[in-house]
>>> print(open('entry.cif').read())   # mmCIF, C-alpha atoms
data_entry
loop_
_atom_site.label_atom_id
_atom_site.label_comp_id
_atom_site.auth_asym_id
_atom_site.auth_seq_id
_atom_site.Cartn_x
_atom_site.Cartn_y
_atom_site.Cartn_z
CA MET M 1 78.72 121.95 123.79
CA ALA M 2 81.15 121.10 120.98
CA VAL M 3 80.26 118.06 118.89
CA VAL M 4 83.21 115.68 118.74
CA PHE M 5 81.52 112.61 117.26
CA GLU M 6 78.49 112.28 115.02
CA LYS M 7 76.96 110.07 112.35
CA PRO M 8 78.56 110.45 108.91
CA LYS M 9 76.32 112.32 106.49
CA SER M 10 76.83 109.58 103.91
CA LEU M 11 75.34 106.98 106.26
CA ALA M 12 71.54 106.86 106.25
CA ASP M 13 69.72 107.39 109.55
CA VAL M 14 68.05 103.97 109.59
CA PRO M 15 68.43 100.84 111.75
CA LEU M 16 70.82 98.21 110.42
CA HIS M 17 69.52 94.69 109.86
CA TYR M 18 72.76 92.96 110.86
CA CYS M 19 73.05 90.49 113.74
CA PRO M 20 74.18 91.73 117.18
CA GLY M 21 77.95 92.12 117.24
CA CYS M 22 78.33 92.05 113.46
CA PRO M 23 81.14 94.38 112.30
CA HIS M 24 79.37 95.30 109.04
CA GLY M 25 78.06 98.39 110.81
CA ILE M 26 81.59 99.46 111.71
CA ILE M 27 82.81 98.94 108.15
CA HIS M 28 79.80 100.83 106.72
CA ARG M 29 80.67 103.74 108.96
CA LEU M 30 84.31 103.75 107.84
CA VAL M 31 83.26 103.82 104.19
CA ALA M 32 80.80 106.66 104.88
CA GLU M 33 83.40 108.64 106.84
CA ALA M 34 85.87 108.35 103.96
CA ILE M 35 83.22 109.52 101.50
CA ASP M 36 82.36 112.51 103.73
CA GLU M 37 85.97 113.52 104.32
CA LEU M 38 86.77 113.38 100.62
CA GLY M 39 83.60 115.30 99.72
CA ILE M 40 82.49 112.75 97.12
CA GLU M 41 78.97 111.81 98.29
CA GLY M 42 77.39 113.43 95.23
CA LYS M 43 79.81 111.60 92.91
CA ALA M 44 79.96 108.20 94.62
CA ILE M 45 78.17 105.16 93.24
CA GLY M 46 78.19 101.97 95.31
CA VAL M 47 77.49 98.44 94.12
CA ALA M 48 75.81 96.13 96.64
CA PRO M 49 76.46 92.36 96.65
CA VAL M 50 74.45 89.25 97.35
CA GLY M 51 75.09 88.20 100.94
CA CYS M 52 74.65 89.78 104.35
CA ALA M 53 75.27 93.23 102.83
CA VAL M 54 72.69 92.71 100.09
CA MET M 55 70.73 95.68 101.45
CA ALA M 56 73.71 98.01 101.67
CA TYR M 57 71.75 100.27 99.31
CA ASP M 58 69.53 101.14 102.30
CA TYR M 59 72.43 102.40 104.39
CA PHE M 60 74.44 104.76 102.16
CA THR M 61 73.05 108.07 100.95
CA CYS M 62 75.01 108.00 97.70
CA ASP M 63 73.66 106.31 94.58
CA MET M 64 73.65 102.50 94.88
CA ILE M 65 73.11 99.65 92.43
CA GLU M 66 72.36 96.00 93.25
CA ALA M 67 74.47 93.41 91.43
CA ALA M 68 73.80 89.77 90.71
CA HIS M 69 75.73 87.35 92.92
CA GLY M 70 79.47 87.96 92.50
CA ARG M 71 79.12 90.37 89.59
CA ALA M 72 79.76 93.62 91.46
CA PRO M 73 83.23 94.24 89.92
CA ALA M 74 81.77 93.78 86.43
CA ILE M 75 78.94 96.19 87.19
CA ALA M 76 81.39 98.66 88.71
CA THR M 77 83.60 98.39 85.62
CA GLY M 78 80.69 99.26 83.35
CA ILE M 79 79.65 102.23 85.48
CA LYS M 80 83.18 103.61 85.72
CA ARG M 81 83.84 103.28 82.01
CA CYS M 82 80.55 105.02 81.19
CA ARG M 83 80.92 107.64 83.90
CA PRO M 84 84.65 108.06 84.61
CA GLU M 85 83.97 111.22 86.62
CA ASN M 86 82.15 109.21 89.30
CA ILE M 87 83.77 107.39 92.21
CA VAL M 88 82.64 103.76 92.04
CA PHE M 89 82.99 101.19 94.80
CA THR M 90 81.80 97.68 95.52
CA TYR M 91 81.04 96.28 98.96
CA GLN M 92 81.30 92.46 98.98
CA GLY M 93 81.61 89.52 101.32
CA ASP M 94 83.91 86.53 100.89
CA GLY M 95 81.20 84.24 99.55
CA ASP M 96 80.25 86.83 96.94
CA LEU M 97 83.75 87.96 95.94
CA ALA M 98 85.94 84.91 96.47
CA SER M 99 83.56 82.22 95.21
CA ILE M 100 81.07 82.96 92.45
CA GLY M 101 82.64 86.37 91.85
CA MET M 102 86.29 85.35 91.76
CA ALA M 103 86.62 85.64 87.97
CA GLU M 104 85.11 89.14 87.97
CA THR M 105 87.46 90.18 90.77
CA VAL M 106 90.63 88.76 89.22
CA HIS M 107 90.00 90.19 85.75
CA ALA M 108 88.97 93.63 87.03
CA ALA M 109 92.25 93.66 88.96
CA ALA M 110 94.24 92.38 85.97
CA ARG M 111 92.80 95.16 83.80
CA ASN M 112 93.54 97.69 86.56
CA GLU M 113 90.00 99.03 86.42
CA ASN M 114 89.85 102.35 88.28
CA ILE M 115 87.44 101.19 90.98
CA THR M 116 87.52 100.57 94.73
CA VAL M 117 86.58 97.18 96.20
CA ILE M 118 85.72 96.78 99.89
CA PHE M 119 86.03 93.05 100.61
CA VAL M 120 84.69 91.77 103.95
CA ASN M 121 86.22 88.43 104.94
CA ASN M 122 84.47 86.68 107.83
CA ALA M 123 85.43 83.16 106.72
CA ILE M 124 81.86 81.92 106.29
CA TYR M 125 78.67 82.28 104.25
CA GLY M 126 76.63 84.46 106.58
CA MET M 127 73.27 85.23 104.95
CA THR M 128 72.51 81.67 103.83
CA GLY M 129 73.13 80.02 107.19
CA GLY M 130 76.80 79.49 107.88
CA GLN M 131 78.12 77.23 105.13
CA MET M 132 81.85 76.84 104.44
CA ALA M 133 83.27 79.67 102.33
CA PRO M 134 86.39 79.83 100.15
CA THR M 135 88.01 81.67 103.07
CA SER M 136 86.96 79.27 105.88
CA LEU M 137 90.01 78.19 107.85
CA PRO M 138 91.47 74.67 107.92
CA GLY M 139 89.55 72.75 110.55
CA GLN M 140 86.85 75.41 110.85
CA VAL M 141 83.45 74.01 111.75
CA THR M 142 80.59 75.25 109.55
CA GLN M 143 77.17 73.96 108.53
CA THR M 144 78.73 72.13 105.58
CA SER M 145 81.93 71.10 107.38
CA PRO M 146 80.60 69.86 110.74
CA TYR M 147 83.87 68.03 111.45
CA GLY M 148 86.00 70.98 110.37
CA ARG M 149 87.29 71.98 106.95
CA ASP M 150 89.31 69.09 105.55
CA VAL M 151 91.87 70.62 103.20
CA ASN M 152 92.51 67.22 101.61
CA HIS M 153 88.89 67.13 100.49
CA CYS M 154 87.92 70.83 100.18
CA GLY M 155 91.23 72.46 99.37
CA TRP M 156 92.95 75.30 101.19
CA PRO M 157 91.40 78.69 101.96
CA ILE M 158 92.01 81.38 99.36
CA ARG M 159 94.15 84.33 100.40
CA VAL M 160 92.76 87.00 98.10
CA CYS M 161 95.30 89.77 98.80
CA GLU M 162 98.26 87.48 98.29
CA MET M 163 96.81 86.17 95.02
CA LEU M 164 95.85 89.55 93.54
CA SER M 165 99.19 91.09 94.50
CA THR M 166 100.92 88.77 92.01
CA LEU M 167 99.11 90.49 89.12
CA GLU M 168 100.74 93.35 87.24
CA GLY M 169 97.56 95.40 87.12
CA PRO M 170 96.39 96.45 90.60
CA GLU M 171 97.39 99.73 92.19
CA PHE M 172 96.65 99.05 95.86
CA ILE M 173 95.94 95.78 97.67
CA THR M 174 95.79 95.73 101.46
CA ARG M 175 94.35 93.72 104.35
CA VAL M 176 93.00 95.33 107.51
CA ALA M 177 90.77 94.28 110.41
CA VAL M 178 88.14 95.80 112.71
CA ASN M 179 88.57 93.73 115.87
CA ASN M 180 90.03 96.51 118.02
CA VAL M 181 90.37 100.30 118.03
CA LYS M 182 93.88 100.32 116.59
CA ASN M 183 92.87 98.13 113.67
CA VAL M 184 89.67 100.10 113.07
CA ASN M 185 91.70 103.30 112.75
CA ALA M 186 94.11 101.61 110.33
CA ALA M 187 91.17 100.27 108.31
CA LYS M 188 89.74 103.79 108.00
CA LYS M 189 93.04 105.08 106.58
CA ALA M 190 93.23 102.23 104.07
CA ILE M 191 89.66 102.72 102.85
CA LYS M 192 90.20 106.46 102.45
CA LYS M 193 93.42 105.85 100.53
CA ALA M 194 91.64 103.41 98.21
CA PHE M 195 89.12 106.13 97.35
CA GLN M 196 91.84 108.76 96.96
CA ASN M 197 93.74 106.50 94.56
CA GLN M 198 90.64 106.17 92.42
CA MET M 199 90.11 109.95 92.47
CA GLU M 200 93.67 110.30 91.16
CA GLY M 201 93.03 107.75 88.40
CA LYS M 202 95.58 105.23 89.66
CA GLY M 203 93.54 102.09 89.04
CA PHE M 204 92.27 99.05 90.93
CA ASN M 205 92.13 99.20 94.73
CA LEU M 206 91.04 96.41 97.05
CA VAL M 207 90.77 96.67 100.83
CA GLU M 208 90.19 93.32 102.51
CA VAL M 209 88.64 93.71 105.95
CA VAL M 210 89.03 90.69 108.23
CA SER M 211 85.77 90.57 110.15
CA ALA M 212 83.73 88.40 112.52
CA CYS M 213 80.43 86.52 112.30
CA PRO M 214 79.37 85.80 115.89
CA THR M 215 76.03 84.26 114.91
CA ASN M 216 77.32 81.69 112.43
CA TRP M 217 80.51 81.06 114.37
CA GLY M 218 78.34 80.21 117.41
CA MET M 219 80.17 82.73 119.61
CA THR M 220 79.44 85.83 121.61
CA PRO M 221 80.60 89.06 119.97
CA GLN M 222 83.50 89.22 122.44
CA GLN M 223 84.56 85.66 121.69
CA ALA M 224 84.31 86.32 117.96
CA LEU M 225 86.66 89.30 118.16
CA GLN M 226 89.11 87.21 120.14
CA TRP M 227 88.90 84.45 117.51
CA VAL M 228 89.72 86.96 114.80
CA GLU M 229 92.91 87.78 116.70
CA SER M 230 93.89 84.24 117.67
CA ASP M 231 92.86 82.27 114.56
CA MET M 232 92.06 84.46 111.56
CA LEU M 233 94.91 86.96 111.62
CA PRO M 234 97.66 84.32 111.76
CA TYR M 235 96.24 82.86 108.53
CA TYR M 236 95.33 86.24 107.01
CA PRO M 237 98.18 88.57 108.08
CA LEU M 238 97.43 92.27 108.01
CA GLY M 239 99.42 94.63 105.84
CA VAL M 240 99.87 96.23 102.43
CA TYR M 241 100.37 93.59 99.76
CA LYS M 242 100.78 95.92 96.82
CA ASP M 243 101.16 99.67 96.54
CA ARG M 244 102.46 100.48 93.10
CA THR M 245 102.82 104.22 93.68
CA ALA M 246 104.71 103.75 96.95
CA ALA M 247 106.98 101.19 95.28
CA LYS M 248 107.81 103.65 92.49
CA GLU M 249 108.59 106.33 95.04
CA GLY M 250 110.76 103.92 97.04
CA LYS M 251 108.59 104.10 100.15
#
>>> encode(input="entry.cif", output="structure tokens")
Amino acid sequence: MAVVFEKPKSLADVPLHYCPGCPHGIIHRLVAEAIDELGIEGKAIGVAPVGCAVMAYDYFTCDMIEAAHGRAPAIATGIKRCRPENIVFTYQGDGDLASIGMAETVHAAARNENITVIFVNNAIYGMTGGQMAPTSLPGQVTQTSPYGRDVNHCGWPIRVCEMLSTLEGPEFITRVAVNNVKNVNAAKKAIKKAFQNQMEGKGFNLVEVVSACPTNWGMTPQQALQWVESDMLPYYPLGVYKDRTAAKEGK
């Protein structure tokens, strides 16, 4: 019988530690599929964050390095500058990237470092118990905003793609989601393009993946995917926010 679907070779054959219904497994697979299709497993170096994906080094078969909280873009910069022939990516959540790691993210983008950043936005701190994140929505109930996020007290959520797209440096900034098949397929294309851009030496690429956190949102996996559609995507619209090469070519 012909094999039409199988595990990516760049994804380790081990159980994932994520909660039931967590989309991290989907996103891991998309990253691994892109690595396989581009034939870069032996050249890829991933940088794991602090957060729910802290053990991402257990799930990819390429070389992986663990970074201190929020410092993955700085670590990736050092690796890429020392080993420009390698394909270097970070895999970070919103608490890691958009809070303690915001400076590293912004300045790596401003310098147009030739790296790929996979940014998972589930609007909450997942690993530490569900506290409010920089991306938590106005009115969103979390462990540290039990009456909902009050923007007058806590400020407004940070839209990372919109902010980074104002910089001159970055090559490719896009936002995708994994809440349905159509969006998963689009996310795969964006992740693969972000790796291809790095292979071609074009500079900084960031793919924001709007995701769900059923456990800390207090929802079933089905309800969480629906909430992504009804609440998160209106605030975090999908689309390409910057594509320097396409702009030059008039596309």
>>> closest_atom_pairs(input="entry.cif", of="range 115-220 of chain M", to="range 30-52 of chain M", cutoff="7 Å", atoms="only C-alpha atoms", output="CSV")
residue,atom,partner,partner_atom,distance
M:Gly126,CA,M:Cys52,CA,6.1
M:Met127,CA,M:Cys52,CA,4.8
M:Lys188,CA,M:Leu30,CA,5.4
M:Ile191,CA,M:Val31,CA,6.6
M:Lys192,CA,M:Ala34,CA,5.0
>>> resolve_selection(input="entry.cif", expression="the PyMOL selection byres ((chain M and resi 95) around 9)", output="PyMOL selection string")
chain M and resi 50-51+70+92-94+96-101+121+123-126+132-135
>>> resolve_selection(input="entry.cif", expression="the PyMOL selection byres ((chain M and resi 137) around 8)", output="count of residues only")
11
>>> closest_residue(input="entry.cif", among="M:Thr142, M:Gly203, M:Met1, M:Cys161", to="Thr77 in chain M", atoms="all atoms listed in the file")
M:Gly203
>>> closest_residue(input="entry.cif", among="M:Tyr91, M:Trp217, M:Tyr18, M:Phe119", to="Val141 in chain M", atoms="all atoms listed in the file")
M:Trp217
>>> residues_near_point(input="entry.cif", point="(79.9, 109.6, 115.4)", cutoff="12 Å", atoms="all atoms listed in the file", output="tab-separated table (two decimals) with C-alpha atoms, in the coordinates of the input")
chain	number	residue	atom	x	y	z
M	3	VAL	CA	80.26	118.06	118.89
M	4	VAL	CA	83.21	115.68	118.74
M	5	PHE	CA	81.52	112.61	117.26
M	6	GLU	CA	78.49	112.28	115.02
M	7	LYS	CA	76.96	110.07	112.35
M	8	PRO	CA	78.56	110.45	108.91
M	9	LYS	CA	76.32	112.32	106.49
M	10	SER	CA	76.83	109.58	103.91
M	11	LEU	CA	75.34	106.98	106.26
M	13	ASP	CA	69.72	107.39	109.55
M	26	ILE	CA	81.59	99.46	111.71
M	29	ARG	CA	80.67	103.74	108.96
M	30	LEU	CA	84.31	103.75	107.84
M	32	ALA	CA	80.80	106.66	104.88
M	33	GLU	CA	83.40	108.64	106.84
>>> atom_distance(input="entry.cif", atom1="CA of Asp243 in chain M", atom2="CA of Glu171 in chain M")
5.8 Å
>>> atom_distance(input="entry.cif", atom1="CA of Asn122 in chain M", atom2="CA of Ser211 in chain M")
4.7 Å
>>> closest_residue(input="entry.cif", among="M:Gln196, M:Asn183, M:Thr61, M:Thr245", to="Val228 in chain M", atoms="only C-alpha atoms")
M:Asn183
>>> closest_residue(input="entry.cif", among="M:Thr105, M:Glu208, M:Ala68, M:Ala56", to="Ile118 in chain M", atoms="all atoms listed in the file")
M:Glu208
>>> atom_distance(input="entry.cif", atom1="CA of Lys248 in chain M", atom2="CA of Ile158 in chain M")
28.2 Å
>>> closest_residue(input="entry.cif", among="M:Ile173, M:Ile79, M:Leu206, M:Leu167", to="Gly239 in chain M", atoms="all atoms listed in the file")
M:Ile173
>>> resolve_selection(input="entry.cif", expression="the PyMOL selection byres ((chain M and resi 178) around 10)", output="count of residues only")
22
>>> residues_around(input="entry.cif", residues="Arg81 in chain M", least_positions_apart="4", cutoff="10 Å", atoms="all atoms listed in the file", output="PyMOL selection string")
chain M and resi 76-77+85-86+113-115
>>> write_last_selection(input="entry.cif", atoms="C-alpha atoms", output="tab-separated table (two decimals), in the frame of the given file")
chain	number	residue	atom	x	y	z
M	76	ALA	CA	81.39	98.66	88.71
M	77	THR	CA	83.60	98.39	85.62
M	85	GLU	CA	83.97	111.22	86.62
M	86	ASN	CA	82.15	109.21	89.30
M	113	GLU	CA	90.00	99.03	86.42
M	114	ASN	CA	89.85	102.35	88.28
M	115	ILE	CA	87.44	101.19	90.98
>>> closest_residue(input="entry.cif", among="M:Val240, M:Pro84, M:Val151, M:Trp227", to="Lys189 in chain M", atoms="all atoms listed in the file")
M:Val240
>>> residues_around(input="entry.cif", residues="Glu168 in chain M", least_positions_apart="6", cutoff="10 Å", atoms="all atoms listed in the file", output="JSON, numbers by chain")
{"M": [109, 110, 111, 112, 242, 244]}
